[in-house]
$ cat structure_18.txt   # compact mmCIF, C-alpha atoms
# COMPACT_ATOMS: atom_id res chain seq x y z
CA MET A 1 -22.04 -15.15 38.46
CA LEU A 2 -23.21 -13.03 41.37
CA LEU A 3 -19.69 -11.78 42.04
CA ALA A 4 -19.33 -10.86 38.37
CA GLY A 5 -22.57 -8.86 38.58
CA VAL A 6 -21.38 -7.03 41.70
CA LEU A 7 -18.05 -6.30 40.03
CA PHE A 8 -19.83 -4.96 36.94
CA LEU A 9 -22.09 -2.74 39.06
CA THR A 10 -19.08 -1.42 40.99
CA ILE A 11 -17.22 -0.59 37.78
CA LEU A 12 -20.33 1.05 36.34
CA ILE A 13 -20.79 3.29 39.40
CA PHE A 14 -17.09 4.15 39.41
CA CYS A 15 -17.14 5.08 35.70
CA MET A 16 -20.29 7.18 35.98
CA GLU A 17 -19.70 8.91 39.32
CA GLY A 18 -15.98 8.68 39.94
CA PRO A 19 -14.41 7.68 43.26
CA ASP A 20 -16.76 9.92 45.25
CA GLY A 21 -19.78 8.22 43.70
CA PHE A 22 -19.70 5.37 46.15
CA SER A 23 -20.26 7.43 49.27
CA VAL A 24 -22.86 9.59 47.47
CA PHE A 25 -24.61 6.51 46.09
CA LEU A 26 -24.77 4.81 49.47
CA ALA A 27 -25.77 7.96 51.33
CA THR A 28 -28.66 8.67 48.95
CA GLU A 29 -29.91 5.09 49.04
CA ASN A 30 -30.23 5.08 52.86
CA VAL A 31 -28.11 2.09 53.76
CA LEU A 32 -29.98 1.59 57.01
CA GLU A 33 -32.97 0.24 55.05
CA VAL A 34 -30.80 -2.76 54.17
CA PHE A 35 -30.41 -3.61 57.86
CA GLY A 36 -33.93 -2.80 59.03
CA SER A 37 -34.31 -0.76 62.19
CA MET A 38 -30.91 -1.43 63.71
CA THR A 39 -28.89 1.03 65.72
CA LEU A 40 -25.38 1.82 64.65
CA PRO A 41 -22.53 1.44 67.13
CA GLU A 42 -20.99 4.69 68.35
CA GLY A 43 -18.71 6.30 65.77
CA VAL A 44 -19.61 3.96 62.90
CA SER A 45 -20.95 5.42 59.66
CA PRO A 46 -23.69 3.66 57.68
CA PHE A 47 -21.21 3.06 54.86
CA GLU A 48 -18.73 1.40 57.21
CA MET A 49 -21.50 -0.77 58.67
CA PHE A 50 -22.53 -1.74 55.14
CA LEU A 51 -18.95 -2.78 54.36
CA ARG A 52 -18.73 -4.81 57.58
CA ALA A 53 -21.99 -6.62 56.82
CA ALA A 54 -20.90 -7.20 53.22
CA THR A 55 -17.62 -8.69 54.49
CA VAL A 56 -19.49 -11.14 56.71
CA PHE A 57 -21.85 -12.04 53.87
CA VAL A 58 -19.05 -12.56 51.33
CA ALA A 59 -16.97 -14.65 53.77
CA SER A 60 -19.97 -16.82 54.56
CA THR A 61 -20.86 -17.24 50.90
CA ILE A 62 -17.31 -18.12 49.85
CA ALA A 63 -16.98 -20.66 52.67
CA TYR A 64 -20.35 -22.21 51.77
CA LEU A 65 -19.51 -22.47 48.06
CA ALA A 66 -16.04 -23.91 48.74
CA LEU A 67 -17.47 -26.59 51.04
CA LEU A 68 -20.25 -27.36 48.58
CA ALA A 69 -17.72 -27.73 45.75
CA ALA A 70 -15.54 -30.03 47.87
CA MET A 71 -18.55 -32.19 48.78
CA LEU A 72 -19.73 -32.43 45.17
CA ARG A 73 -16.20 -33.24 44.00
CA SER A 74 -15.97 -36.06 46.54
CA MET A 75 -19.34 -37.43 45.44
CA GLY A 76 -18.34 -37.10 41.79
CA LYS A 77 -15.22 -39.18 42.41
CA ILE A 78 -17.41 -41.92 43.87
CA PHE A 79 -19.52 -42.11 40.73
CA SER A 80 -16.44 -41.89 38.52
CA GLU A 81 -14.83 -44.86 40.27
CA ILE A 82 -18.05 -46.88 40.11
CA ARG A 83 -18.20 -46.21 36.36
CA LYS A 84 -14.57 -47.32 35.89
CA THR A 85 -14.52 -50.42 38.12
CA LEU A 86 -18.22 -51.33 38.23
CA LEU A 87 -17.74 -51.94 41.98
CA PRO A 88 -19.60 -49.60 44.34
CA PHE A 89 -18.30 -51.19 47.54
CA THR A 90 -14.65 -50.15 47.71
CA THR A 91 -12.62 -48.74 50.57
CA ALA A 92 -11.93 -45.57 48.59
CA ASN A 93 -15.66 -44.98 48.05
CA ALA A 94 -16.37 -45.49 51.74
CA GLN A 95 -13.66 -42.95 52.61
CA ARG A 96 -15.04 -40.49 50.06
CA LEU A 97 -18.52 -40.85 51.54
CA LYS A 98 -17.09 -40.05 54.97
CA LYS A 99 -15.37 -36.97 53.53
CA ALA A 100 -18.60 -35.88 51.86
CA SER A 101 -20.47 -36.27 55.15
CA ILE A 102 -17.88 -34.12 56.93
CA TYR A 103 -18.17 -31.44 54.23
CA MET A 104 -21.95 -31.59 54.55
CA GLU A 105 -21.72 -31.18 58.31
CA LEU A 106 -19.45 -28.18 57.85
CA LEU A 107 -21.97 -26.75 55.36
CA GLY A 108 -24.52 -26.71 58.15
CA VAL A 109 -22.24 -25.13 60.74
CA VAL A 110 -19.62 -22.86 59.10
CA PRO A 111 -21.93 -20.09 57.75
CA PHE A 112 -23.52 -19.84 61.20
CA LEU A 113 -20.10 -19.59 62.87
CA ILE A 114 -18.92 -16.95 60.40
CA GLY A 115 -22.07 -14.91 61.10
CA VAL A 116 -21.53 -15.16 64.85
CA ALA A 117 -17.84 -14.25 64.47
CA GLY A 118 -18.83 -11.31 62.28
CA ASN A 119 -21.23 -10.10 64.95
CA VAL A 120 -18.55 -10.34 67.63
CA VAL A 121 -15.44 -9.19 65.76
CA LEU A 122 -16.91 -6.60 63.39
CA SER A 123 -19.84 -5.54 65.62
CA VAL A 124 -22.37 -6.19 62.87
CA PRO A 125 -25.76 -6.46 64.59
CA VAL A 126 -27.29 -8.61 61.84
CA GLU A 127 -28.90 -11.99 62.42
CA PRO A 128 -26.45 -14.74 61.41
CA ILE A 129 -27.47 -17.48 59.02
CA PRO A 130 -29.32 -20.06 61.13
CA LEU A 131 -27.73 -23.38 61.99
CA SER A 132 -28.92 -25.95 59.43
CA LEU A 133 -30.24 -28.94 61.33
CA GLU A 134 -31.37 -30.57 58.06
CA LEU A 135 -27.81 -30.62 56.74
CA LEU A 136 -26.51 -31.97 60.05
CA LEU A 137 -29.07 -34.78 59.95
CA ALA A 138 -28.28 -35.52 56.29
CA ALA A 139 -24.56 -35.61 57.18
CA ALA A 140 -25.25 -38.16 59.92
CA VAL A 141 -27.22 -40.32 57.47
CA LEU A 142 -24.42 -40.06 54.89
CA TYR A 143 -21.85 -41.04 57.53
CA CYS A 144 -23.95 -44.10 58.42
CA LEU A 145 -24.12 -44.92 54.71
CA ALA A 146 -20.31 -44.77 54.60
CA HIS A 147 -20.17 -47.42 57.32
CA ILE A 148 -22.63 -49.53 55.33
CA PHE A 149 -20.26 -49.21 52.36
CA GLU A 150 -17.37 -50.39 54.57
CA TYR A 151 -19.44 -53.42 55.55
CA GLY A 152 -20.19 -53.96 51.85
CA VAL A 153 -16.43 -53.98 51.20
CA LEU A 154 -16.02 -56.71 53.82
CA LEU A 155 -18.85 -58.77 52.30
CA GLN A 156 -17.38 -58.27 48.81
CA GLN A 157 -13.98 -59.53 50.01
CA GLN A 158 -15.58 -62.57 51.64
CA ALA A 159 -17.54 -63.33 48.47
CA ASP A 160 -14.35 -63.02 46.37
CA GLU A 161 -12.47 -65.37 48.73
CA THR A 162 -15.29 -67.92 48.60
CA LEU A 163 -15.06 -68.18 44.83
$ encode --input "structure_18.txt" --output "structure tokens"
Amino acid sequence: MLLAGVLFLTILIFCMEGPDGFSVFLATENVLEVFGSMTLPEGVSPFEMFLRAATVFVASTIAYLALLAAMLRSMGKIFSEIRKTLLPFTTANAQRLKKASIYMELLGVVPFLIGVAGNVVLSVPVEPIPLSLELLLAAAVLYCLAHIFEYGVLLQQQADETL
């Protein structure tokens, strides 16, 4: 939705101002206000710095959304299998919980790493997204829950053998 809005705004500026409208638009809006009171590296225009920062932001956002979608898909498969088989404690569900915990851990780390890489590679002096300790802790809890599910599978097998 956000990308569609940005695309619409870009097309609107291009239609109204032409190809030169972008540099005029950005120059009149004082791009440096977006970044606060930062100093530009030698030989880098405000427009180029804006594009570098936008690249880091878009890469971080895409990575975050892809990991979030993968985690939610994994969790959705768990609930789908429980609905079909009426058995929550299966090996497949335990494996899916482990996958979801790994995706959650990556959600806490990857945007931070992309921000740091953007600072180093593109020389964008913008604060990276902070490391999410809450997501890392939640991932650890989810991983422990996956091991509990594996133990539940073992207990389920023992109960089935007893009958």
$ closest_residue --input "structure_18.txt" --among "A:Ser123, A:Leu131, A:Leu136, A:Gly118" --to "Thr55 (chain A)" --atoms "only C-alpha atoms"
A:Gly118
$ closest_atom_pairs --input "structure_18.txt" --of "region 33-133 of chain A" --to "region 144-162 of chain A" --cutoff "8 Å" --atoms "all atoms listed in the file" --output "Markdown table"
| residue | atom | partner | partner_atom | distance |
| --- | --- | --- | --- | --- |
| A:Phe89 | CA | A:Val153 | CA | 5.0 |
| A:Thr90 | CA | A:Val153 | CA | 5.5 |
| A:Thr91 | CA | A:Glu150 | CA | 6.4 |
| A:Asn93 | CA | A:Phe149 | CA | 7.6 |
| A:Ala94 | CA | A:Ala146 | CA | 4.9 |
| A:Gln95 | CA | A:Ala146 | CA | 7.2 |
| A:Leu97 | CA | A:Ala146 | CA | 5.3 |
| A:Lys98 | CA | A:Ala146 | CA | 5.7 |
$ write_last_selection --input "structure_18.txt" --atoms "C-alpha atoms" --output "short mmCIF file (atom, residue, chain, number, x, y, z; two decimals), keeping the file's coordinate frame"
data_model
loop_
_atom_site.label_atom_id
_atom_site.label_comp_id
_atom_site.auth_asym_id
_atom_site.auth_seq_id
_atom_site.Cartn_x
_atom_site.Cartn_y
_atom_site.Cartn_z
CA PHE A 89 -18.30 -51.19 47.54
CA THR A 90 -14.65 -50.15 47.71
CA THR A 91 -12.62 -48.74 50.57
CA ASN A 93 -15.66 -44.98 48.05
CA ALA A 94 -16.37 -45.49 51.74
CA GLN A 95 -13.66 -42.95 52.61
CA LEU A 97 -18.52 -40.85 51.54
CA LYS A 98 -17.09 -40.05 54.97
#
$ atom_distance --input "structure_18.txt" --atom1 "CA of Val109 (chain A)" --atom2 "CA of Leu133 (chain A)"
8.9 Å
$ atom_distance --input "structure_18.txt" --atom1 "CA of Leu137 (chain A)" --atom2 "CA of Phe57 (chain A)"
24.6 Å
$ atom_distance --input "structure_18.txt" --atom1 "CA of Ser60 (chain A)" --atom2 "CA of Phe112 (chain A)"
8.1 Å
$ residues_around --input "structure_18.txt" --residues "Arg96 (chain A)" --least-positions-apart "5" --cutoff "10 Å" --atoms "all atoms listed in the file" --output "list in words"
Met71, Arg73, Ser74, Met75, Gly76, Lys77, Ile78, Thr90, Thr91, Ser101, Ile102 and Ala146 of chain A
$ closest_residue --input "structure_18.txt" --among "A:Leu87, A:Ala54, A:Met49, A:Ile114" --to "Ile129 (chain A)" --atoms "all atoms listed in the file"
A:Ile114
$ closest_residue --input "structure_18.txt" --among "A:Leu107, A:Val44, A:Ala139, A:Ile82" --to "Ile62 (chain A)" --atoms "all atoms listed in the file"
A:Leu107
$ build_atoms --input "structure_18.txt" --residues "region 49-61 of chain A" --atoms "N, CA and C atoms" --output "PDB file, in the coordinates of the input"
ATOM      1  N   MET A  49     -20.695   0.367  58.223  1.00  0.00           N
ATOM      2  CA  MET A  49     -21.500  -0.770  58.670  1.00  0.00           C
ATOM      3  C   MET A  49     -21.904  -1.637  57.477  1.00  0.00           C
ATOM      4  N   PHE A  50     -22.197  -0.993  56.354  1.00  0.00           N
ATOM      5  CA  PHE A  50     -22.530  -1.740  55.140  1.00  0.00           C
ATOM      6  C   PHE A  50     -21.339  -2.589  54.709  1.00  0.00           C
ATOM      7  N   LEU A  51     -20.138  -2.021  54.740  1.00  0.00           N
ATOM      8  CA  LEU A  51     -18.950  -2.780  54.360  1.00  0.00           C
ATOM      9  C   LEU A  51     -18.686  -3.938  55.311  1.00  0.00           C
ATOM     10  N   ARG A  52     -18.916  -3.725  56.600  1.00  0.00           N
ATOM     11  CA  ARG A  52     -18.730  -4.810  57.580  1.00  0.00           C
ATOM     12  C   ARG A  52     -19.718  -5.949  57.309  1.00  0.00           C
ATOM     13  N   ALA A  53     -20.983  -5.591  57.092  1.00  0.00           N
ATOM     14  CA  ALA A  53     -21.990  -6.620  56.820  1.00  0.00           C
ATOM     15  C   ALA A  53     -21.694  -7.331  55.508  1.00  0.00           C
ATOM     16  N   ALA A  54     -21.243  -6.582  54.512  1.00  0.00           N
ATOM     17  CA  ALA A  54     -20.900  -7.200  53.220  1.00  0.00           C
ATOM     18  C   ALA A  54     -19.723  -8.154  53.390  1.00  0.00           C
ATOM     19  N   THR A  55     -18.767  -7.804  54.239  1.00  0.00           N
ATOM     20  CA  THR A  55     -17.620  -8.690  54.490  1.00  0.00           C
ATOM     21  C   THR A  55     -18.079 -10.004  55.111  1.00  0.00           C
ATOM     22  N   VAL A  56     -18.971  -9.918  56.078  1.00  0.00           N
ATOM     23  CA  VAL A  56     -19.490 -11.140  56.710  1.00  0.00           C
ATOM     24  C   VAL A  56     -20.245 -11.976  55.689  1.00  0.00           C
ATOM     25  N   PHE A  57     -21.070 -11.330  54.879  1.00  0.00           N
ATOM     26  CA  PHE A  57     -21.850 -12.040  53.870  1.00  0.00           C
ATOM     27  C   PHE A  57     -20.951 -12.716  52.841  1.00  0.00           C
ATOM     28  N   VAL A  58     -19.947 -12.002  52.347  1.00  0.00           N
ATOM     29  CA  VAL A  58     -19.050 -12.560  51.330  1.00  0.00           C
ATOM     30  C   VAL A  58     -18.238 -13.716  51.916  1.00  0.00           C
ATOM     31  N   ALA A  59     -17.745 -13.569  53.133  1.00  0.00           N
ATOM     32  CA  ALA A  59     -16.970 -14.650  53.770  1.00  0.00           C
ATOM     33  C   ALA A  59     -17.835 -15.888  53.942  1.00  0.00           C
ATOM     34  N   SER A  60     -19.059 -15.698  54.381  1.00  0.00           N
ATOM     35  CA  SER A  60     -19.970 -16.820  54.560  1.00  0.00           C
ATOM     36  C   SER A  60     -20.294 -17.491  53.239  1.00  0.00           C
ATOM     37  N   THR A  61     -20.528 -16.699  52.218  1.00  0.00           N
ATOM     38  CA  THR A  61     -20.860 -17.240  50.900  1.00  0.00           C
ATOM     39  C   THR A  61     -19.687 -18.002  50.301  1.00  0.00           C
TER      40      THR A  61
END
